[in-house]
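Enquirer: So that you have it, the file is data_15.cif, and it contains mmCIF, C-alpha atoms:
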data_final
#
loop_
_atom_site.group_PDB
_atom_site.id
_atom_site.type_symbol
_atom_site.label_atom_id
_atom_site.label_comp_id
_atom_site.auth_asym_id
_atom_site.auth_seq_id
_atom_site.Cartn_x
_atom_site.Cartn_y
_atom_site.Cartn_z
ATOM 1 C CA MET I 228 89.643 62.749 231.055
ATOM 2 C CA VAL I 229 88.218 63.681 227.643
ATOM 3 C CA ALA I 230 86.475 60.819 225.847
ATOM 4 C CA GLY I 231 87.697 59.795 222.390
ATOM 5 C CA LEU I 232 86.489 61.387 219.192
ATOM 6 C CA SER I 233 84.649 59.803 216.313
ATOM 7 C CA GLU I 234 86.440 60.172 212.980
ATOM 8 C CA LYS I 235 83.948 62.794 211.810
ATOM 9 C CA GLN I 236 84.357 64.761 215.040
ATOM 10 C CA PHE I 237 88.116 64.516 214.606
ATOM 11 C CA ASP I 238 87.974 65.763 211.008
ATOM 12 C CA VAL I 239 85.948 68.845 211.934
ATOM 13 C CA LEU I 240 87.832 69.622 215.148
ATOM 14 C CA VAL I 241 91.219 69.481 213.405
ATOM 15 C CA GLN I 242 90.071 71.974 210.791
ATOM 16 C CA ILE I 243 88.876 74.351 213.508
ATOM 17 C CA ALA I 244 92.094 73.869 215.494
ATOM 18 C CA GLU I 245 94.357 74.610 212.535
ATOM 19 C CA SER I 246 92.422 77.547 211.139
ATOM 20 C CA THR I 247 93.777 81.047 211.714
ATOM 21 C CA GLY I 248 90.249 82.389 212.098
ATOM 22 C CA PRO I 249 86.630 81.242 212.454
ATOM 23 C CA LEU I 250 85.386 79.049 209.608
ATOM 24 C CA SER I 251 81.909 79.026 208.151
ATOM 25 C CA GLN I 252 80.069 75.713 208.066
ATOM 26 C CA ARG I 253 80.463 75.736 204.277
ATOM 27 C CA GLN I 254 84.253 76.102 204.666
ATOM 28 C CA LEU I 255 84.288 73.311 207.236
ATOM 29 C CA GLN I 256 82.328 71.114 204.862
ATOM 30 C CA GLU I 257 84.896 71.637 202.095
ATOM 31 C CA ARG I 258 87.938 71.145 204.323
ATOM 32 C CA ALA I 259 86.667 68.255 206.436
ATOM 33 C CA GLY I 260 85.234 66.405 203.442
ATOM 34 C CA HIS I 261 81.778 65.726 204.898
ATOM 35 C CA SER I 262 78.282 66.830 203.964
ATOM 36 C CA LEU I 263 76.897 70.083 205.321
ATOM 37 C CA GLY I 264 74.351 68.162 207.371
ATOM 38 C CA THR I 265 77.082 66.029 208.930
ATOM 39 C CA VAL I 266 79.175 69.094 209.741
ATOM 40 C CA ASN I 267 76.193 70.815 211.363
ATOM 41 C CA SER I 268 75.502 67.759 213.510
ATOM 42 C CA VAL I 269 79.155 67.368 214.489
ATOM 43 C CA ILE I 270 79.451 71.024 215.465
ATOM 44 C CA LYS I 271 76.462 70.653 217.803
ATOM 45 C CA ASP I 272 78.133 67.624 219.405
ATOM 46 C CA LEU I 273 81.457 69.437 219.805
ATOM 47 C CA VAL I 274 79.772 72.490 221.318
ATOM 48 C CA GLY I 275 77.836 70.252 223.709
ATOM 49 C CA ARG I 276 81.066 68.618 224.844
ATOM 50 C CA GLY I 277 82.724 71.980 225.353
ATOM 51 C CA LEU I 278 85.372 71.316 222.691
ATOM 52 C CA ILE I 279 84.528 74.382 220.610
ATOM 53 C CA GLN I 280 82.949 77.715 221.450
ATOM 54 C CA ASN I 281 82.034 80.459 218.989
ATOM 55 C CA ASN I 282 83.508 78.242 216.264
ATOM 56 C CA ARG I 283 86.934 78.259 217.936
ATOM 57 C CA ILE I 284 88.632 75.390 219.709
ATOM 58 C CA THR I 285 88.692 75.463 223.508
ATOM 59 C CA PRO I 286 91.437 74.177 225.833
ATOM 60 C CA GLU I 287 89.279 71.069 226.282
ATOM 61 C CA GLY I 288 89.236 70.665 222.503
ATOM 62 C CA ILE I 289 93.013 70.821 222.326
ATOM 63 C CA MET I 290 93.138 68.184 225.077
ATOM 64 C CA ALA I 291 90.760 65.991 223.073
ATOM 65 C CA LEU I 292 93.131 66.108 220.090
ATOM 66 C CA GLU I 293 96.235 65.294 222.129
ATOM 67 C CA PRO I 294 96.003 61.480 221.688
ATOM 68 C CA TYR I 295 96.024 62.023 217.921
ATOM 69 C CA ARG I 296 99.067 64.311 217.821
ATOM 70 C CA ALA I 297 102.310 63.240 216.160
ATOM 71 C CA LYS I 298 104.851 63.262 218.969
ATOM 72 C CA ARG I 299 108.074 61.968 217.424
ATOM 73 C CA ALA I 300 109.801 61.198 214.141
ATOM 74 C CA VAL I 301 112.186 58.413 213.148
ATOM 75 C CA PHE I 302 114.397 58.761 210.089
ATOM 76 C CA ILE I 303 115.775 55.665 208.360
ATOM 77 C CA ALA I 304 119.142 56.985 207.150
ATOM 78 C CA ALA I 305 121.683 54.172 207.415
ATOM 79 C CA GLY I 306 121.980 53.032 203.789
ATOM 80 C CA PHE I 307 124.688 53.598 201.205
ATOM 81 C CA GLY I 308 122.649 55.000 198.303
ATOM 82 C CA SER I 309 124.496 53.040 195.636
ATOM 83 C CA ARG I 310 122.405 54.366 192.750
ATOM 84 C CA LEU I 311 123.681 57.891 193.429
ATOM 85 C CA VAL I 312 127.347 57.031 193.067
ATOM 86 C CA PRO I 313 129.678 58.958 192.734
ATOM 87 C CA ILE I 314 128.030 61.561 195.009
ATOM 88 C CA THR I 315 127.413 59.070 197.810
ATOM 89 C CA LEU I 316 131.010 57.836 197.867
ATOM 90 C CA ASN I 317 131.790 60.643 200.305
ATOM 91 C CA THR I 318 128.339 61.775 201.486
ATOM 92 C CA PRO I 319 125.330 59.849 202.840
ATOM 93 C CA LYS I 320 122.368 60.338 200.513
ATOM 94 C CA PRO I 321 120.204 62.279 203.040
ATOM 95 C CA LEU I 322 122.992 64.863 203.389
ATOM 96 C CA ILE I 323 123.339 65.535 199.667
ATOM 97 C CA ARG I 324 122.522 69.138 198.829
ATOM 98 C CA VAL I 325 119.853 69.827 196.237
ATOM 99 C CA ASN I 326 119.754 73.437 195.140
ATOM 100 C CA GLY I 327 121.865 74.331 198.160
ATOM 101 C CA LYS I 328 119.839 72.523 200.841
ATOM 102 C CA ARG I 329 120.452 69.086 202.332
ATOM 103 C CA ILE I 330 117.723 66.605 201.409
ATOM 104 C CA ILE I 331 116.978 65.682 205.022
ATOM 105 C CA ASP I 332 116.651 69.320 206.121
ATOM 106 C CA GLY I 333 113.295 69.738 204.406
ATOM 107 C CA LEU I 334 111.870 66.763 206.274
ATOM 108 C CA ILE I 335 113.252 67.870 209.638
ATOM 109 C CA ASP I 336 111.991 71.430 209.104
ATOM 110 C CA ALA I 337 108.496 70.087 208.358
ATOM 111 C CA CYS I 338 108.531 68.087 211.598
ATOM 112 C CA LEU I 339 109.599 71.083 213.656
ATOM 113 C CA ALA I 340 106.913 73.231 212.002
ATOM 114 C CA ILE I 341 104.158 71.009 213.432
ATOM 115 C CA GLY I 342 105.713 70.781 216.882
ATOM 116 C CA ILE I 343 107.663 67.516 216.657
ATOM 117 C CA ASN I 344 110.870 68.064 218.601
ATOM 118 C CA GLU I 345 111.629 64.441 219.464
ATOM 119 C CA ILE I 346 113.523 63.385 216.355
ATOM 120 C CA TYR I 347 115.691 60.284 215.897
ATOM 121 C CA ILE I 348 117.993 59.450 213.018
ATOM 122 C CA VAL I 349 119.078 55.851 212.496
ATOM 123 C CA ARG I 350 122.482 56.110 210.867
ATOM 124 C CA GLY I 351 125.089 53.682 209.571
ATOM 125 C CA TYR I 352 127.063 54.535 206.422
ATOM 126 C CA LEU I 353 129.481 57.426 207.110
ATOM 127 C CA ALA I 354 127.607 57.869 210.392
ATOM 128 C CA GLU I 355 129.843 60.633 211.763
ATOM 129 C CA GLN I 356 128.840 62.954 208.919
ATOM 130 C CA PHE I 357 125.362 63.263 210.412
ATOM 131 C CA ASP I 358 126.921 65.129 213.350
ATOM 132 C CA GLN I 359 126.939 68.235 211.149
ATOM 133 C CA LEU I 360 123.164 68.383 211.549
ATOM 134 C CA LEU I 361 123.530 69.191 215.253
ATOM 135 C CA TYR I 362 124.678 72.732 214.486
ATOM 136 C CA LYS I 363 121.262 73.512 213.013
ATOM 137 C CA TYR I 364 119.208 70.903 214.882
ATOM 138 C CA PRO I 365 120.644 70.391 218.389
ATOM 139 C CA MET I 366 117.574 68.393 219.466
ATOM 140 C CA LEU I 367 118.425 65.458 217.188
ATOM 141 C CA LYS I 368 119.244 62.064 218.670
ATOM 142 C CA PHE I 369 121.139 59.383 216.797
ATOM 143 C CA LEU I 370 120.612 55.625 216.801
ATOM 144 C CA GLU I 371 123.423 53.453 215.447
ATOM 145 C CA ASN I 372 122.843 50.615 212.984
ATOM 146 C CA PRO I 373 126.150 48.719 212.934
ATOM 147 C CA ILE I 374 124.980 46.146 210.369
ATOM 148 C CA TYR I 375 123.588 48.559 207.749
ATOM 149 C CA ASN I 376 125.749 46.858 205.091
ATOM 150 C CA GLU I 377 124.647 43.342 206.052
ATOM 151 C CA ALA I 378 120.863 43.732 206.259
ATOM 152 C CA ASN I 379 118.005 45.612 204.614
ATOM 153 C CA ASN I 380 116.366 48.637 206.251
ATOM 154 C CA ILE I 381 114.417 46.393 208.628
ATOM 155 C CA ALA I 382 117.595 46.454 210.755
ATOM 156 C CA SER I 383 117.287 50.241 211.105
ATOM 157 C CA ALA I 384 113.616 49.968 212.034
ATOM 158 C CA VAL I 385 114.473 47.382 214.689
ATOM 159 C CA CYS I 386 116.944 49.881 216.203
ATOM 160 C CA ALA I 387 114.025 52.294 216.667
ATOM 161 C CA ARG I 388 111.343 49.748 217.594
ATOM 162 C CA TYR I 389 110.587 51.295 221.000
ATOM 163 C CA LEU I 390 109.993 54.753 219.483
ATOM 164 C CA LEU I 391 107.216 54.078 216.976
ATOM 165 C CA ARG I 392 104.135 55.064 219.001
ATOM 166 C CA ASN I 393 102.488 58.284 217.771
ATOM 167 C CA ALA I 394 105.422 58.521 215.383
ATOM 168 C CA TYR I 395 106.308 59.306 211.808
ATOM 169 C CA ILE I 396 108.713 56.978 210.024
ATOM 170 C CA PHE I 397 110.595 58.668 207.202
ATOM 171 C CA GLU I 398 112.880 57.440 204.516
ATOM 172 C CA ALA I 399 115.503 60.118 205.039
ATOM 173 C CA ASP I 400 116.393 60.587 201.361
ATOM 174 C CA LEU I 401 113.112 62.083 200.178
ATOM 175 C CA LEU I 402 113.026 65.595 198.720
ATOM 176 C CA LEU I 403 110.004 67.271 200.300
ATOM 177 C CA ARG I 404 108.380 69.747 197.934
ATOM 178 C CA ASN I 405 105.165 70.285 199.900
ATOM 179 C CA PRO I 406 105.668 70.494 203.683
ATOM 180 C CA ALA I 407 101.874 70.557 204.180
ATOM 181 C CA VAL I 408 101.750 66.769 203.727
ATOM 182 C CA ILE I 409 103.449 66.444 207.140
ATOM 183 C CA THR I 410 100.467 66.958 209.422
ATOM 184 C CA LYS I 411 100.164 67.389 213.172
ATOM 185 C CA TYR I 412 97.128 65.200 213.837
ATOM 186 C CA HIS I 413 96.228 61.694 212.616
ATOM 187 C CA TYR I 414 93.111 59.743 213.500
ATOM 188 C CA THR I 415 94.800 56.431 212.744
ATOM 189 C CA SER I 416 97.944 54.972 211.184
ATOM 190 C CA ASP I 417 98.506 55.980 207.566
ATOM 191 C CA PHE I 418 100.970 55.774 204.696
ATOM 192 C CA LEU I 419 101.471 58.347 201.943
ATOM 193 C CA GLY I 420 100.888 57.407 198.319
ATOM 194 C CA PHE I 421 99.585 58.740 195.024
ATOM 195 C CA PRO I 422 97.491 57.055 192.316
ATOM 196 C CA VAL I 423 99.182 55.732 189.176
ATOM 197 C CA LYS I 424 98.004 53.806 186.138
ATOM 198 C CA ARG I 425 101.131 51.676 186.136
ATOM 199 C CA SER I 426 104.092 51.248 188.447
ATOM 200 C CA ASP I 427 107.347 49.287 188.265
ATOM 201 C CA ASP I 428 108.201 50.278 191.832
ATOM 202 C CA TRP I 429 106.733 49.548 195.258
ATOM 203 C CA CYS I 430 102.992 50.144 195.212
ATOM 204 C CA PHE I 431 99.848 49.529 197.257
ATOM 205 C CA THR I 432 96.493 48.050 196.460
ATOM 206 C CA VAL I 433 93.776 49.856 198.403
ATOM 207 C CA ARG I 434 90.141 49.101 199.225
ATOM 208 C CA ASP I 435 87.823 51.569 200.969
ATOM 209 C CA GLY I 436 90.814 53.711 201.856
ATOM 210 C CA ILE I 437 92.666 50.870 203.628
ATOM 211 C CA ILE I 438 95.931 49.414 202.304
ATOM 212 C CA GLN I 439 95.440 45.765 201.339
ATOM 213 C CA THR I 440 98.765 44.677 199.863
ATOM 214 C CA GLN I 441 102.211 46.035 199.033
ATOM 215 C CA LYS I 442 104.089 44.740 196.005
ATOM 216 C CA ILE I 443 106.559 45.656 193.285
ATOM 217 C CA GLY I 444 104.779 46.656 190.107
ATOM 218 C CA GLY I 445 101.105 46.915 189.308
ATOM 219 C CA THR I 446 98.366 48.714 187.414
ATOM 220 C CA ASP I 447 95.721 51.105 188.757
ATOM 221 C CA CYS I 448 97.520 51.168 192.088
ATOM 222 C CA TRP I 449 99.069 53.628 194.525
ATOM 223 C CA GLN I 450 102.742 54.526 194.367
ATOM 224 C CA VAL I 451 104.363 54.172 197.785
ATOM 225 C CA VAL I 452 105.873 57.327 199.274
ATOM 226 C CA GLY I 453 108.238 56.525 202.125
ATOM 227 C CA ILE I 454 106.460 58.579 204.783
ATOM 228 C CA SER I 455 104.122 56.900 207.243
ATOM 229 C CA TYR I 456 102.509 57.597 210.604
ATOM 230 C CA TRP I 457 101.836 55.017 213.325
ATOM 231 C CA ASP I 458 99.343 55.643 216.101
ATOM 232 C CA ASP I 459 99.899 54.558 219.698
ATOM 233 C CA GLN I 460 98.447 51.062 219.453
ATOM 234 C CA SER I 461 99.803 50.172 216.015
ATOM 235 C CA GLY I 462 103.200 51.698 216.765
ATOM 236 C CA LYS I 463 103.625 49.540 219.853
ATOM 237 C CA LYS I 464 102.557 46.445 217.927
ATOM 238 C CA LEU I 465 104.823 47.321 215.011
ATOM 239 C CA GLY I 466 107.848 47.544 217.296
ATOM 240 C CA GLU I 467 107.194 44.037 218.596
ATOM 241 C CA HIS I 468 106.508 42.596 215.149
ATOM 242 C CA LEU I 469 109.649 44.113 213.619
ATOM 243 C CA LYS I 470 111.858 42.182 215.999
ATOM 244 C CA LEU I 471 109.919 38.959 215.456
ATOM 245 C CA ALA I 472 110.114 39.292 211.673
ATOM 246 C CA TYR I 473 113.790 40.235 211.775
ATOM 247 C CA GLU I 474 114.580 37.018 213.634
ATOM 248 C CA MET I 475 112.695 34.836 211.132
ATOM 249 C CA PRO I 476 114.638 33.013 208.393
ATOM 250 C CA GLY I 477 115.431 35.585 205.723
ATOM 251 C CA GLY I 478 114.119 38.398 207.905
ATOM 252 C CA LYS I 479 117.264 40.516 207.658
ATOM 253 C CA GLU I 480 116.824 40.802 203.892
ATOM 254 C CA GLN I 481 113.364 42.390 204.105
ATOM 255 C CA ILE I 482 112.306 46.024 203.984
ATOM 256 C CA TRP I 483 110.725 47.162 207.245
ATOM 257 C CA ASP I 484 107.224 47.809 205.819
ATOM 258 C CA TYR I 485 107.089 44.180 204.664
ATOM 259 C CA VAL I 486 106.225 43.490 208.308
ATOM 260 C CA PRO I 487 102.810 45.222 208.604
ATOM 261 C CA PHE I 488 101.797 44.570 204.994
ATOM 262 C CA SER I 489 102.881 40.954 204.601
ATOM 263 C CA VAL I 490 104.169 39.048 207.635
ATOM 264 C CA PHE I 491 101.557 40.355 210.074
ATOM 265 C CA SER I 492 99.132 42.001 207.646
ATOM 266 C CA PRO I 493 95.895 40.686 209.255
ATOM 267 C CA GLU I 494 96.737 42.652 212.406
ATOM 268 C CA TYR I 495 96.932 46.082 210.757
ATOM 269 C CA GLN I 496 94.465 48.529 209.264
ATOM 270 C CA VAL I 497 96.553 51.310 207.727
ATOM 271 C CA LYS I 498 94.900 54.094 205.766
ATOM 272 C CA LEU I 499 96.223 55.340 202.456
ATOM 273 C CA ARG I 500 96.793 59.089 202.810
ATOM 274 C CA GLU I 501 96.786 60.632 199.377
ATOM 275 C CA CYS I 502 99.390 63.102 198.152
ATOM 276 C CA SER I 503 100.457 64.164 194.669
ATOM 277 C CA ALA I 504 103.455 62.931 192.715
ATOM 278 C CA GLU I 505 104.965 66.419 193.008
ATOM 279 C CA ASP I 506 104.708 66.663 196.804
ATOM 280 C CA VAL I 507 107.607 64.332 197.592
ATOM 281 C CA LEU I 508 110.383 63.269 195.229
ATOM 282 C CA GLU I 509 112.690 60.307 195.538
ATOM 283 C CA ILE I 510 115.926 60.937 193.676
ATOM 284 C CA ASP I 511 117.042 57.459 192.666
ATOM 285 C CA THR I 512 119.885 58.097 190.257
ATOM 286 C CA PHE I 513 122.638 60.594 189.570
ATOM 287 C CA LYS I 514 120.899 61.395 186.284
ATOM 288 C CA GLU I 515 117.736 62.391 188.172
ATOM 289 C CA LEU I 516 119.797 64.507 190.561
ATOM 290 C CA LYS I 517 121.373 66.382 187.655
ATOM 291 C CA ALA I 518 117.939 67.027 186.155
ATOM 292 C CA ILE I 519 116.771 68.675 189.392
ATOM 293 C CA ASP I 520 119.981 70.526 190.280
ATOM 294 C CA LYS I 521 122.020 71.738 187.280
ATOM 295 C CA THR I 522 125.116 72.351 189.442
ATOM 296 C CA TYR I 523 125.769 68.593 189.239
ATOM 297 C CA ASP I 524 125.605 68.617 185.441
ATOM 298 C CA ILE I 525 129.310 69.083 184.801
#
In structure tokens, what does this structure look like?
Expert:
Amino acid sequence: MVAGLSEKQFDVLVQIAESTGPLSQRQLQERAGHSLGTVNSVIKDLVGRGLIQNNRITPEGIMALEPYRAKRAVFIAAGFGSRLVPITLNTPKPLIRVNGKRIIDGLIDACLAIGINEIYIVRGYLAEQFDQLLYKYPMLKFLENPIYNEANNIASAVCARYLLRNAYIFEADLLLRNPAVITKYHYTSDFLGFPVKRSDDWCFTVRDGIIQTQKIGGTDCWQVVGISYWDDQSGKKLGEHLKLAYEMPGGKEQIWDYVPFSVFSPEYQVKLRECSAEDVLEIDTFKELKAIDKTYDI
């Protein structure tokens, strides 16, 4: 059994594992985000443990990273998408085509590219239309949310509560512009976001890289991007807490991430993983859709 990695060891080992060729210590310093002295020390430790050899990862190194690997993905896809009427009158929002490609396809493709083949879609509105995805993605499994029109998305998360360990949770209606933000290894639970001076939408306050609060509207905050990763321990805990919160008075009206960042916030330490505003787009309105894809501008 390979002992766990420190965060610095993890950072360096992941860069070595994902490189197509040997990296210099200067390259490792830039990619891992640590000082040259730290990288040198970490490399000595990794060599001593047999996790790298000749600046390449060994089978033991791959084994050491296994507990940190994303193993499954859950897509929250049950909602109506009222702000995209009239397009969503006949098509669930994740299945809308943007420049010829379904929105959800980009997210699924990114998961498959990093080796995630265990993929679940929680569906509700026009559920049978998601069957079309099976022609391209036969590995998909569907979870049914029969009360999608009676409760907020916490109901969909509750449907998937046993599947959240070492798992991504995606809002299924996000247009992925940069697949590189979907990464294979995570040292701990994290949530994507990007810095903004002002937000009128859901945003995070962050201290020392850890999410402190989630709220609507703020200044000098982090815009929430609906892509998160939950490690083994936090994912198990989240599944239990979702059900507890759902059964509380008013619980059905909450969004699912209200649970770790409000109801049970003292029990979670979730990192903010930075992306850019251009990496992932949320198309909220038909006007925004027309601006991105001119075929709708008729």
Enquirer: Selection in question (the file shown): the PyMOL selection byres ((chain I and resi 302-306) around 6). Which residues does it include, as an MDAnalysis selection string?
Expert: chainID I and resid 301 307:308 348:352 375 396:399
Enquirer: Check the smallest atom-to-atom distance from each of I:Asp428, I:Glu293, I:Asp417, I:Glu480 to Ile381 (chain I) using only C-alpha atoms, then report the winner.
Expert: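 Smallest distance to Ile381 (chain I) is found for I:Glu480.
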Enquirer: Might you pull out every residue within 12 Å of Ala337 (chain I), with all atoms listed in the file counted and same-chain residues fewer than 4 positions away left off, and present them as a ChimeraX atom specification?
Expert: /I:300,331-333,341-344,346,395,397,402-411
Enquirer: So which residues touch Asp459 (chain I) within 12 Å, counting only C-alpha atoms, skipping near sequence neighbours fewer than 4 positions away, as a VMD selection string?
Expert: chain I and resid 293 to 299 389 to 395 413 to 416 463 to 466
Enquirer: Nearest residue to Glu505 (chain I) out of I:Leu250, I:Asn282, I:Leu361, I:Val452, using only C-alpha atoms?
Expert: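 Of the candidates, the smallest distance to Glu505 (chain I) is held by I:Val452.
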Enquirer: I'd like the interatomic distance between CA of Ser492 (chain I) and CA of His261 (chain I), to a tenth of an Å.
Expert: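 Taking CA of Ser492 (chain I) as the start and CA of His261 (chain I) as the end point, the length is 29.5 Å.
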Enquirer: Near region 431-435 of chain I, counting only C-alpha atoms, which residues have an atom at most 7 Å away, once you skip same-chain residues fewer than 5 positions from it, shown as a VMD selection string?
Expert: chain I and resid 440 to 442 448 to 451
Enquirer: Go through I:Pro476, I:Pro319, I:Gly288, I:Pro373 one by one, measure the shortest atom-to-atom distance of each to Leu232 (chain I) using all atoms listed in the file, and give the residue with the smallest value.
Expert: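 Counting all atoms listed in the file, the residue closest to Leu232 (chain I) is I:Gly288.
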Enquirer: How far is it from CA of Val266 (chain I) to CA of Arg253 (chain I), in Å with one decimal?
Expert: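 Value for the CA of Val266 (chain I)-CA of Arg253 (chain I) distance: 8.7 Å.
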Enquirer: List the residues selected by the PyMOL selection byres ((chain I and resi 309-316) around 12) in the file shown, writing them as a list in words.
Expert: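 Applying the expression gives Gly306, Phe307, Gly308, Asn317, Thr318, Pro319, Lys320, Pro321, Leu322, Ile323, Arg324, Val325, Tyr352, Leu353, Gln356, Asn376, Asp400, Glu509, Ile510, Asp511, Thr512, Phe513, Lys514, Glu515, Leu516, Lys517 and Tyr523 of chain I.
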Enquirer: Report, in Å with one decimal, the straight-line distance from CA of Ala259 (chain I) to CA of Asp458 (chain I).
Expert: 20.3 Å
Enquirer: For Tyr485 (chain I), which of I:Arg258, I:Leu469, I:Ser246, I:Lys235 is the closest residue, counting all atoms listed in the file?
Expert: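 Smallest distance to Tyr485 (chain I) is found for I:Leu469.
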